Amino acid sequence: MKILCLNCGSSSVKYSLFDWENKTVLAAGVVERVGIADSFVAHEVPDKEKIIIKQDCPSHKEAIKLVIDTLTGSSHGVIRDLKGISAVGHRVVHGGEKFVKSVLIDDKVLSVFRELSALAPLHNPPNILGIEAARELMPGVPHMAIMDTAWHQTMPASSYVYALPYSWYEKYGIRRYGFHGTSFLYTAKRAAVLLGKDPFSVNLVICHIGNGASVNAVKNGLSYDTSMGFTPLEGLVMGTRAGDHDPAIGLFVMDKEGLKAREMDSILNKKSGILGVTGKFTDRRDVELAAEKGDARAALAMEIEAYRVKKYIGAYSAAVGGIDAVVFTAGVGEKGVLTRAKALSGLEALGICLDENKNASSKTRNAETLISADSSQVKVFVIPTDEERVFVEDAAGLLNGNYDVHTKFRYSFQDTGYRNAMRDKAFEKECGKNPGLEKIAALPVGKNFCGKNF
C-alpha cells in the first residue's frame, strides 16, 4: 500500500509518497510558484541528491500532474504508474464543527468544504482546488481529508465560545476553532511516549512555533484550549500576524487613515508580527543576527515574541491544573535556541527549569531531545513534528476500515520502539558534521536558567 500525501497552498503543492508495508518514505518534495511564472518541483528520494525540474504550472491541476509525472518518471520516479498509489491524503485547514476526524472525500464532503471557505478564505480554497485536481487526475483512487481543526473539537464550550453576541455563533459559526491540529496530535502522542505515560493521562503545553505559531493546552491527552481562534490571527506573535491585541486598535486606525476592512485584515495578517515590529524581517535567524549587531527593533521583536509564548505557557499550565511537560515543535520551536530560552526563563515557580547546554545543542529537526535540567519538575521536550505521518496513518486506517477518532485509534508512533528511518539517517549525517549533536541525548547536567535572568 502506497499513500500519497498532498498539502496544497495558494502557490505551492507539498507532497510525499509513503510505503505503508515497509513504513518508509519513498519520495517527497514541493512544487513552488504555482500560478506564477518560473514554477518548478524540488524532488527528493532517500539516499539520492535532490533534483529540480522546471515546468510552468498555471494551476494546481498542472502542479499535481507534475508531481505524478515526477513520481512515475523513468529517471527519478519511485513507482511505475498510478496503480502503485492506493490512497491520497489531503490536508484541509478548516473543517469547522462538521468534522471531528479525518474523512473519505466524496461530493458531499467537498460541498461542505466549499461552504466552510468563508471561515478560512486563504487556506480552504487552495486545499479544495488541490482536491478537485487530484480527483480528476486520479479518479480511481480513494481521497481522504485530514483537517487541522479536528483535533481541537474536544475543547469545552468555555474555551471556544467568545464573549460576543451568542447569535453570531449560532448564525455565522463564530467561535474558537484552533489550527495546527495534526502537529499537536503527533507531538502530544510522542510526548506521552517520552514521559512513559498513558496518552490520556498527560497534561501538556505544546508550542508550535514557525512563521505561523500557536500554543495548545492538552488536558488528559485532549485539546483543552488553543491560542489561534476563529482565524489563525489570534494568539502568538508570528512572522507577519499580530496575534493578541486590543481589537479597538484596528477600528481606531481605520477611522484615522480611512482604511477598509480588507485593508486592515491584510495589515494584521501580512504586515504585522515580527515584520511589523522590525520593519524588514520575518525569518527569526535574520532577527537574531540583526539584534546581535545592535538593531534595537529586532531585539524588541524577540522579547515581545518570547514574552507572549511565556504568558501562554503560564496561563495554560494553570488552565489544565499543572503540566507534565512543555513541548516545542515546528521550525522555530525545533531550532530556535534563543527563543526557547527567553520563553522559559523565569518559570521556575511553575517547576520549569531549562538546561543551558542541552538547549544550545538541540538545533536539529531529526531527533527528539530533552532540554530541561535534571532538577526540573516539568520536562521540556523538543519534538520535531511529523504531520505527514498523521496524514498517512489516518488514510491507511480509513482504507483498512479501522480508523476512528484519536481516542479510539492507536498510531504506530505511540509505540516505544517507533523510529523514523529517514530522520535517523539525516541525524547521523548531522552528527558527522557537528560531533556535539551525538551527545544531545546524554549531555552532562550543565548550568541551567534557574535563578538566572536571561
# chains A, B, ... in the order shown; residues from 1 in each chain; ligands from 1

$ closest_atom_pairs --of "region 138-157 of chain A" --to "region 219-227 of chain A" --cutoff "7 Å" --atoms "only C-alpha atoms" --output "Markdown table"
| residue | atom | partner | partner_atom | distance |
| --- | --- | --- | --- | --- |
| A:Trp151 | CA | A:Ser223 | CA | 6.7 |
| A:His152 | CA | A:Ser223 | CA | 5.3 |
| A:Thr154 | CA | A:Ser223 | CA | 5.8 |
| A:Met155 | CA | A:Tyr224 | CA | 4.6 |
| A:Pro156 | CA | A:Tyr224 | CA | 6.7 |

$ closest_atom_pairs --of "region 188-219 of chain A" --to "region 275-291 of chain A" --cutoff "12 Å" --atoms "only C-alpha atoms" --output "Markdown table"
| residue | atom | partner | partner_atom | distance |
| --- | --- | --- | --- | --- |
| A:Ile209 | CA | A:Arg284 | CA | 10.6 |
| A:Gly210 | CA | A:Arg284 | CA | 9.1 |
| A:Asn211 | CA | A:Thr282 | CA | 7.4 |
| A:Gly212 | CA | A:Thr282 | CA | 10.5 |

$ select_by_dssp --residues "region 22-215 of chain A" --states "strand (DSSP E)" --output "PyMOL selection string"
chain A and resi 24-32+40-44+51-54+87-92+103-104+143-147+204-209+213-215

$ write_last_selection --atoms "N, CA and C atoms" --output "short mmCIF file (atom, residue, chain, number, x, y, z; two decimals), in the first residue's frame"
data_model
loop_
_atom_site.label_atom_id
_atom_site.label_comp_id
_atom_site.auth_asym_id
_atom_site.auth_seq_id
_atom_site.Cartn_x
_atom_site.Cartn_y
_atom_site.Cartn_z
N THR A 24 8.20 3.35 5.15
CA THR A 24 9.28 4.22 4.66
C THR A 24 8.73 5.28 3.71
N VAL A 25 9.40 6.42 3.68
CA VAL A 25 9.08 7.48 2.72
C VAL A 25 9.84 7.18 1.44
N LEU A 26 9.12 7.06 0.33
CA LEU A 26 9.75 6.77 -0.95
C LEU A 26 10.26 8.03 -1.63
N ALA A 27 9.51 9.13 -1.46
CA ALA A 27 9.90 10.41 -2.07
C ALA A 27 9.10 11.53 -1.44
N ALA A 28 9.64 12.73 -1.54
CA ALA A 28 8.95 13.91 -1.01
C ALA A 28 9.44 15.13 -1.78
N GLY A 29 8.63 16.17 -1.78
CA GLY A 29 9.05 17.38 -2.48
C GLY A 29 7.99 18.46 -2.45
N VAL A 30 8.20 19.48 -3.25
CA VAL A 30 7.27 20.60 -3.30
C VAL A 30 7.33 21.25 -4.68
N VAL A 31 6.15 21.58 -5.19
CA VAL A 31 6.05 22.38 -6.40
C VAL A 31 5.86 23.82 -5.95
N GLU A 32 6.75 24.69 -6.36
CA GLU A 32 6.72 26.10 -5.96
C GLU A 32 6.23 26.98 -7.12
N PHE A 40 8.47 25.33 -10.49
CA PHE A 40 9.37 24.18 -10.54
C PHE A 40 9.02 23.21 -9.42
N VAL A 41 9.53 21.98 -9.53
CA VAL A 41 9.38 21.00 -8.46
C VAL A 41 10.76 20.66 -7.90
N ALA A 42 10.86 20.64 -6.59
CA ALA A 42 12.07 20.17 -5.90
C ALA A 42 11.74 18.80 -5.34
N HIS A 43 12.40 17.76 -5.85
CA HIS A 43 12.04 16.37 -5.60
C HIS A 43 13.19 15.65 -4.89
N GLU A 44 12.86 14.94 -3.81
CA GLU A 44 13.88 14.22 -3.04
C GLU A 44 13.51 12.75 -2.89
N ILE A 51 16.63 16.85 -6.77
CA ILE A 51 16.62 17.34 -8.15
C ILE A 51 15.59 18.46 -8.30
N ILE A 52 15.84 19.36 -9.23
CA ILE A 52 14.94 20.46 -9.54
C ILE A 52 14.49 20.31 -10.99
N ILE A 53 13.17 20.31 -11.20
CA ILE A 53 12.62 20.23 -12.55
C ILE A 53 11.77 21.48 -12.78
N LYS A 54 12.15 22.27 -13.77
CA LYS A 54 11.42 23.49 -14.06
C LYS A 54 10.30 23.20 -15.06
N ALA A 87 -4.02 5.33 -2.05
CA ALA A 87 -4.87 6.37 -1.48
C ALA A 87 -4.13 7.71 -1.52
N VAL A 88 -4.91 8.78 -1.46
CA VAL A 88 -4.34 10.13 -1.42
C VAL A 88 -4.91 10.85 -0.19
N GLY A 89 -4.03 11.34 0.66
CA GLY A 89 -4.44 12.11 1.83
C GLY A 89 -4.22 13.59 1.59
N HIS A 90 -5.24 14.40 1.80
CA HIS A 90 -5.17 15.84 1.56
C HIS A 90 -5.25 16.62 2.86
N ARG A 91 -4.39 17.60 3.00
CA ARG A 91 -4.52 18.50 4.14
C ARG A 91 -5.64 19.49 3.86
N VAL A 92 -6.56 19.63 4.83
CA VAL A 92 -7.61 20.64 4.78
C VAL A 92 -7.52 21.45 6.07
N VAL A 103 -11.76 12.13 7.05
CA VAL A 103 -12.89 11.53 6.34
C VAL A 103 -12.53 11.17 4.91
N LEU A 104 -13.26 10.20 4.37
CA LEU A 104 -13.18 9.87 2.96
C LEU A 104 -13.91 10.97 2.18
N HIS A 143 -9.69 9.28 -1.97
CA HIS A 143 -9.09 10.51 -1.47
C HIS A 143 -9.64 10.80 -0.07
N MET A 144 -8.74 11.16 0.86
CA MET A 144 -9.12 11.42 2.24
C MET A 144 -8.73 12.83 2.65
N ALA A 145 -9.50 13.42 3.55
CA ALA A 145 -9.20 14.76 4.06
C ALA A 145 -8.76 14.67 5.52
N ILE A 146 -7.63 15.28 5.82
CA ILE A 146 -7.11 15.33 7.18
C ILE A 146 -7.15 16.80 7.60
N MET A 147 -7.92 17.12 8.63
CA MET A 147 -8.22 18.52 8.97
C MET A 147 -7.48 19.02 10.21
N LEU A 204 -0.15 18.77 28.99
CA LEU A 204 0.96 19.36 28.25
C LEU A 204 0.65 20.79 27.82
N VAL A 205 1.71 21.55 27.58
CA VAL A 205 1.61 22.79 26.81
C VAL A 205 2.52 22.60 25.61
N ILE A 206 1.93 22.61 24.42
CA ILE A 206 2.70 22.39 23.19
C ILE A 206 2.80 23.71 22.43
N CYS A 207 4.03 24.10 22.11
CA CYS A 207 4.29 25.36 21.41
C CYS A 207 4.74 25.06 19.99
N HIS A 208 3.84 25.23 19.03
CA HIS A 208 4.15 25.06 17.61
C HIS A 208 4.54 26.44 17.09
N ILE A 209 5.84 26.65 16.93
CA ILE A 209 6.32 27.99 16.59
C ILE A 209 7.06 27.95 15.26
N ALA A 213 2.19 30.41 14.20
CA ALA A 213 2.50 29.82 15.51
C ALA A 213 1.26 29.76 16.38
N SER A 214 1.18 28.69 17.18
CA SER A 214 0.11 28.60 18.16
C SER A 214 0.52 27.69 19.30
N VAL A 215 -0.19 27.83 20.42
CA VAL A 215 0.05 27.03 21.62
C VAL A 215 -1.20 26.22 21.91
#

$ residues_around --residues "Ile79 (chain A)" --least-positions-apart "3" --cutoff "12 Å" --atoms "only C-alpha atoms" --output "list of chain:residue names"
A:Met1, A:Lys2, A:Ile3, A:Leu4, A:Leu17, A:Phe18, A:Asp19, A:Leu26, A:Ala27, A:Val45, A:Val67, A:Ile68, A:Asp69, A:Thr70, A:Leu71, A:Thr72, A:Gly73, A:Ser74, A:Ser75, A:His76, A:Leu82, A:Lys83, A:Gly84, A:Ile85, A:Ser86

$ write_last_selection --atoms "C-alpha atoms" --output "PDB file, in the first residue's frame"
ATOM      1  CA  MET A   1       0.000   0.000   0.000  1.00  0.00           C
ATOM      2  CA  LYS A   2       1.453   3.342  -1.086  1.00  0.00           C
ATOM      3  CA  ILE A   3      -0.123   6.581   0.116  1.00  0.00           C
ATOM      4  CA  LEU A   4       0.380   9.972  -1.495  1.00  0.00           C
ATOM      5  CA  LEU A  17       4.806   9.213  -1.031  1.00  0.00           C
ATOM      6  CA  PHE A  18       4.785   6.636   1.756  1.00  0.00           C
ATOM      7  CA  ASP A  19       5.214   2.861   1.570  1.00  0.00           C
ATOM      8  CA  LEU A  26       9.749   6.773  -0.951  1.00  0.00           C
ATOM      9  CA  ALA A  27       9.901  10.406  -2.073  1.00  0.00           C
ATOM     10  CA  VAL A  45      14.386  10.468  -2.823  1.00  0.00           C
ATOM     11  CA  VAL A  67       4.023  15.585  -9.080  1.00  0.00           C
ATOM     12  CA  ILE A  68       2.579  12.431 -10.670  1.00  0.00           C
ATOM     13  CA  ASP A  69       4.950  12.605 -13.635  1.00  0.00           C
ATOM     14  CA  THR A  70       7.904  13.098 -11.310  1.00  0.00           C
ATOM     15  CA  LEU A  71       6.944  10.144  -9.092  1.00  0.00           C
ATOM     16  CA  THR A  72       6.421   7.867 -12.091  1.00  0.00           C
ATOM     17  CA  GLY A  73       9.266   9.186 -14.286  1.00  0.00           C
ATOM     18  CA  SER A  74      11.814   6.719 -15.631  1.00  0.00           C
ATOM     19  CA  SER A  75      14.877   8.654 -14.443  1.00  0.00           C
ATOM     20  CA  HIS A  76      13.848   9.800 -10.936  1.00  0.00           C
ATOM     21  CA  LEU A  82      -0.660   5.421 -10.772  1.00  0.00           C
ATOM     22  CA  LYS A  83      -1.721   1.841  -9.998  1.00  0.00           C
ATOM     23  CA  GLY A  84       1.004   1.970  -7.368  1.00  0.00           C
ATOM     24  CA  ILE A  85      -0.930   4.575  -5.353  1.00  0.00           C
ATOM     25  CA  SER A  86      -3.576   3.128  -3.015  1.00  0.00           C
TER      26      SER A  86
END

$ closest_atom_pairs --of "region 292-321 of chain A" --to "region 241-246 of chain A" --cutoff "12 Å" --atoms "only C-alpha atoms" --output "CSV"
residue,atom,partner,partner_atom,distance
A:Ala301,CA,A:Ala242,CA,11.4
A:Ile304,CA,A:Ala242,CA,11.0
A:Glu305,CA,A:Gly243,CA,9.8
A:Arg308,CA,A:Asp244,CA,8.8
A:Val309,CA,A:Gly243,CA,11.0
A:Lys311,CA,A:Asp244,CA,11.4
A:Tyr312,CA,A:Asp244,CA,11.1

$ closest_residue --among "A:Tyr307, A:Phe413, A:Phe184, A:Phe230" --to "Thr329 (chain A)" --atoms "only C-alpha atoms"
A:Phe184

$ closest_residue --among "A:Gln55, A:Asn366, A:Ser376, A:Ser111" --to "Leu347 (chain A)" --atoms "only C-alpha atoms"
A:Ser376

$ select_by_dssp --residues "region 264-303 of chain A" --states "alpha helix (DSSP H)" --output "VMD selection string"
chain A and resid 264 to 270 273 to 278 284 to 292 296 to 303

$ write_last_selection --atoms "N, CA and C atoms" --output "compact mmCIF listing (two decimals), in the first residue's frame"
# COMPACT_ATOMS: atom_id res chain seq x y z
N MET A 264 -7.35 46.51 6.43
CA MET A 264 -6.92 46.27 7.80
C MET A 264 -6.64 44.79 8.02
N ASP A 265 -7.46 43.93 7.45
CA ASP A 265 -7.23 42.49 7.55
C ASP A 265 -5.86 42.14 6.98
N SER A 266 -5.50 42.73 5.86
CA SER A 266 -4.20 42.48 5.25
C SER A 266 -3.06 42.97 6.14
N ILE A 267 -3.23 44.11 6.75
CA ILE A 267 -2.20 44.66 7.64
C ILE A 267 -1.97 43.74 8.83
N LEU A 268 -3.06 43.30 9.45
CA LEU A 268 -2.95 42.46 10.65
C LEU A 268 -2.39 41.08 10.35
N ASN A 269 -2.65 40.56 9.15
CA ASN A 269 -2.21 39.21 8.79
C ASN A 269 -0.88 39.17 8.04
N LYS A 270 -0.57 40.22 7.29
CA LYS A 270 0.59 40.18 6.40
C LYS A 270 1.65 41.23 6.67
N GLY A 273 3.15 41.41 13.30
CA GLY A 273 4.02 40.41 13.89
C GLY A 273 5.48 40.84 13.88
N ILE A 274 6.38 39.90 13.65
CA ILE A 274 7.81 40.19 13.61
C ILE A 274 8.12 41.23 12.54
N LEU A 275 7.48 41.08 11.38
CA LEU A 275 7.69 42.04 10.30
C LEU A 275 7.25 43.44 10.72
N GLY A 276 6.12 43.53 11.38
CA GLY A 276 5.61 44.83 11.79
C GLY A 276 6.53 45.55 12.76
N VAL A 277 7.10 44.81 13.71
CA VAL A 277 7.97 45.43 14.71
C VAL A 277 9.35 45.77 14.12
N THR A 278 9.93 44.82 13.36
CA THR A 278 11.28 45.06 12.83
C THR A 278 11.26 45.95 11.59
N ARG A 284 13.39 34.33 11.81
CA ARG A 284 13.95 34.58 13.14
C ARG A 284 15.47 34.58 13.12
N ARG A 285 16.07 33.86 12.18
CA ARG A 285 17.54 33.88 12.08
C ARG A 285 18.03 35.27 11.70
N ASP A 286 17.32 35.91 10.79
CA ASP A 286 17.67 37.29 10.42
C ASP A 286 17.48 38.24 11.60
N VAL A 287 16.41 37.99 12.37
CA VAL A 287 16.13 38.84 13.53
C VAL A 287 17.25 38.71 14.57
N GLU A 288 17.68 37.48 14.84
CA GLU A 288 18.75 37.26 15.81
C GLU A 288 20.05 37.93 15.38
N LEU A 289 20.41 37.78 14.12
CA LEU A 289 21.64 38.40 13.62
C LEU A 289 21.57 39.92 13.72
N ALA A 290 20.43 40.47 13.36
CA ALA A 290 20.26 41.92 13.44
C ALA A 290 20.35 42.40 14.88
N ALA A 291 19.74 41.65 15.79
CA ALA A 291 19.78 42.02 17.21
C ALA A 291 21.21 41.99 17.74
N GLU A 292 21.98 40.99 17.30
CA GLU A 292 23.38 40.89 17.72
C GLU A 292 24.19 42.09 17.25
N ALA A 296 17.87 47.62 17.56
CA ALA A 296 17.01 47.68 18.75
C ALA A 296 15.62 47.10 18.49
N ARG A 297 15.09 47.33 17.30
CA ARG A 297 13.75 46.83 17.00
C ARG A 297 13.75 45.32 16.80
N ALA A 298 14.84 44.80 16.28
CA ALA A 298 14.95 43.35 16.16
C ALA A 298 15.01 42.71 17.54
N ALA A 299 15.79 43.33 18.43
CA ALA A 299 15.88 42.82 19.80
C ALA A 299 14.52 42.90 20.50
N LEU A 300 13.80 43.99 20.27
CA LEU A 300 12.48 44.16 20.87
C LEU A 300 11.52 43.10 20.34
N ALA A 301 11.56 42.82 19.05
CA ALA A 301 10.67 41.82 18.47
C ALA A 301 10.89 40.46 19.11
N MET A 302 12.15 40.11 19.37
CA MET A 302 12.45 38.83 20.02
C MET A 302 11.87 38.79 21.43
N GLU A 303 12.01 39.88 22.15
CA GLU A 303 11.48 39.94 23.52
C GLU A 303 9.96 39.83 23.53

$ residues_around --residues "Val34 (chain A)" --least-positions-apart "5" --cutoff "12 Å" --atoms "only C-alpha atoms" --output "list of chain:residue names"
A:Cys8, A:Gly9, A:Ser10, A:Ser11, A:Ser12, A:Val13, A:Lys14, A:Ser39, A:Phe40, A:Val41, A:Lys54, A:Gln55, A:Asp56, A:Cys57, A:Pro58, A:Ser59, A:His60, A:Lys61, A:Glu62, A:Ala63, A:Ile64, A:Lys65, A:Leu66, A:Pro126, A:Leu129, A:Gly130

$ write_last_selection --atoms "N, CA and C atoms" --output "PDB file, in the first residue's frame"
ATOM      1  N   CYS A   8      -1.840  21.404  -0.369  1.00  0.00           N
ATOM      2  CA  CYS A   8      -1.922  22.447  -1.390  1.00  0.00           C
ATOM      3  C   CYS A   8      -2.126  23.823  -0.780  1.00  0.00           C
ATOM      4  N   GLY A   9      -1.162  24.709  -1.021  1.00  0.00           N
ATOM      5  CA  GLY A   9      -1.278  26.095  -0.619  1.00  0.00           C
ATOM      6  C   GLY A   9      -1.671  26.939  -1.812  1.00  0.00           C
ATOM      7  N   SER A  10      -1.728  28.242  -1.611  1.00  0.00           N
ATOM      8  CA  SER A  10      -2.161  29.123  -2.694  1.00  0.00           C
ATOM      9  C   SER A  10      -1.212  29.088  -3.879  1.00  0.00           C
ATOM     10  N   SER A  11       0.093  28.903  -3.642  1.00  0.00           N
ATOM     11  CA  SER A  11       1.071  28.899  -4.740  1.00  0.00           C
ATOM     12  C   SER A  11       2.056  27.743  -4.629  1.00  0.00           C
ATOM     13  N   SER A  12       1.690  26.707  -3.895  1.00  0.00           N
ATOM     14  CA  SER A  12       2.595  25.568  -3.738  1.00  0.00           C
ATOM     15  C   SER A  12       1.811  24.272  -3.543  1.00  0.00           C
ATOM     16  N   VAL A  13       2.475  23.159  -3.840  1.00  0.00           N
ATOM     17  CA  VAL A  13       1.928  21.825  -3.563  1.00  0.00           C
ATOM     18  C   VAL A  13       3.044  21.000  -2.947  1.00  0.00           C
ATOM     19  N   LYS A  14       2.916  20.711  -1.648  1.00  0.00           N
ATOM     20  CA  LYS A  14       3.874  19.832  -0.982  1.00  0.00           C
ATOM     21  C   LYS A  14       3.365  18.395  -1.091  1.00  0.00           C
ATOM     22  N   SER A  39       7.652  28.348 -12.352  1.00  0.00           N
ATOM     23  CA  SER A  39       7.373  27.316 -11.348  1.00  0.00           C
ATOM     24  C   SER A  39       8.289  26.109 -11.569  1.00  0.00           C
ATOM     25  N   PHE A  40       8.466  25.327 -10.493  1.00  0.00           N
ATOM     26  CA  PHE A  40       9.367  24.177 -10.536  1.00  0.00           C
ATOM     27  C   PHE A  40       9.016  23.209  -9.416  1.00  0.00           C
ATOM     28  N   VAL A  41       9.532  21.976  -9.526  1.00  0.00           N
ATOM     29  CA  VAL A  41       9.381  20.998  -8.461  1.00  0.00           C
ATOM     30  C   VAL A  41      10.758  20.662  -7.896  1.00  0.00           C
ATOM     31  N   LYS A  54      12.150  22.267 -13.766  1.00  0.00           N
ATOM     32  CA  LYS A  54      11.417  23.494 -14.064  1.00  0.00           C
ATOM     33  C   LYS A  54      10.298  23.202 -15.058  1.00  0.00           C
ATOM     34  N   GLN A  55       9.108  23.654 -14.717  1.00  0.00           N
ATOM     35  CA  GLN A  55       7.964  23.461 -15.610  1.00  0.00           C
ATOM     36  C   GLN A  55       6.847  24.410 -15.190  1.00  0.00           C
ATOM     37  N   ASP A  56       6.280  25.134 -16.129  1.00  0.00           N
ATOM     38  CA  ASP A  56       5.211  26.069 -15.806  1.00  0.00           C
ATOM     39  C   ASP A  56       3.979  25.325 -15.302  1.00  0.00           C
ATOM     40  N   CYS A  57       3.411  25.829 -14.213  1.00  0.00           N
ATOM     41  CA  CYS A  57       2.208  25.239 -13.619  1.00  0.00           C
ATOM     42  C   CYS A  57       1.205  26.370 -13.375  1.00  0.00           C
ATOM     43  N   PRO A  58       0.407  26.707 -14.374  1.00  0.00           N
ATOM     44  CA  PRO A  58      -0.550  27.809 -14.220  1.00  0.00           C
ATOM     45  C   PRO A  58      -1.672  27.532 -13.227  1.00  0.00           C
ATOM     46  N   SER A  59      -1.870  26.263 -12.866  1.00  0.00           N
ATOM     47  CA  SER A  59      -2.911  25.927 -11.891  1.00  0.00           C
ATOM     48  C   SER A  59      -2.484  24.717 -11.079  1.00  0.00           C
ATOM     49  N   HIS A  60      -3.300  24.392 -10.068  1.00  0.00           N
ATOM     50  CA  HIS A  60      -2.992  23.238  -9.237  1.00  0.00           C
ATOM     51  C   HIS A  60      -3.080  21.925 -10.018  1.00  0.00           C
ATOM     52  N   LYS A  61      -3.895  21.893 -11.057  1.00  0.00           N
ATOM     53  CA  LYS A  61      -4.003  20.674 -11.853  1.00  0.00           C
ATOM     54  C   LYS A  61      -2.658  20.352 -12.509  1.00  0.00           C
ATOM     55  N   GLU A  62      -2.028  21.361 -13.115  1.00  0.00           N
ATOM     56  CA  GLU A  62      -0.722  21.139 -13.728  1.00  0.00           C
ATOM     57  C   GLU A  62       0.329  20.793 -12.685  1.00  0.00           C
ATOM     58  N   ALA A  63       0.224  21.406 -11.506  1.00  0.00           N
ATOM     59  CA  ALA A  63       1.195  21.133 -10.440  1.00  0.00           C
ATOM     60  C   ALA A  63       1.105  19.690  -9.967  1.00  0.00           C
ATOM     61  N   ILE A  64      -0.110  19.197  -9.762  1.00  0.00           N
ATOM     62  CA  ILE A  64      -0.285  17.813  -9.312  1.00  0.00           C
ATOM     63  C   ILE A  64       0.085  16.838 -10.432  1.00  0.00           C
ATOM     64  N   LYS A  65      -0.188  17.217 -11.685  1.00  0.00           N
ATOM     65  CA  LYS A  65       0.251  16.391 -12.824  1.00  0.00           C
ATOM     66  C   LYS A  65       1.778  16.301 -12.831  1.00  0.00           C
ATOM     67  N   LEU A  66       2.452  17.407 -12.505  1.00  0.00           N
ATOM     68  CA  LEU A  66       3.915  17.405 -12.432  1.00  0.00           C
ATOM     69  C   LEU A  66       4.385  16.480 -11.311  1.00  0.00           C
ATOM     70  N   PRO A 126      -7.473  26.972  -1.817  1.00  0.00           N
ATOM     71  CA  PRO A 126      -6.422  26.190  -2.491  1.00  0.00           C
ATOM     72  C   PRO A 126      -6.445  24.713  -2.105  1.00  0.00           C
ATOM     73  N   LEU A 129      -9.031  23.303  -4.413  1.00  0.00           N
ATOM     74  CA  LEU A 129      -8.510  23.220  -5.779  1.00  0.00           C
ATOM     75  C   LEU A 129      -7.622  21.992  -5.944  1.00  0.00           C
ATOM     76  N   GLY A 130      -6.799  21.738  -4.949  1.00  0.00           N
ATOM     77  CA  GLY A 130      -5.924  20.577  -4.996  1.00  0.00           C
ATOM     78  C   GLY A 130      -6.695  19.274  -4.978  1.00  0.00           C
TER      79      GLY A 130
END

$ closest_residue --among "A:Asp394, A:Asp148, A:Glu356, A:Glu348" --to "Glu97 (chain A)" --atoms "only C-alpha atoms"
A:Asp148

$ closest_residue --among "A:Thr369, A:Gln414, A:Ser167, A:Asn357" --to "Val326 (chain A)" --atoms "only C-alpha atoms"
A:Thr369

$ atom_distance --atom1 "CA of Asp324 (chain A)" --atom2 "CA of Asn203 (chain A)"
5.5 Å

$ atom_distance --atom1 "CA of Thr187 (chain A)" --atom2 "CA of Ile105 (chain A)"
26.0 Å
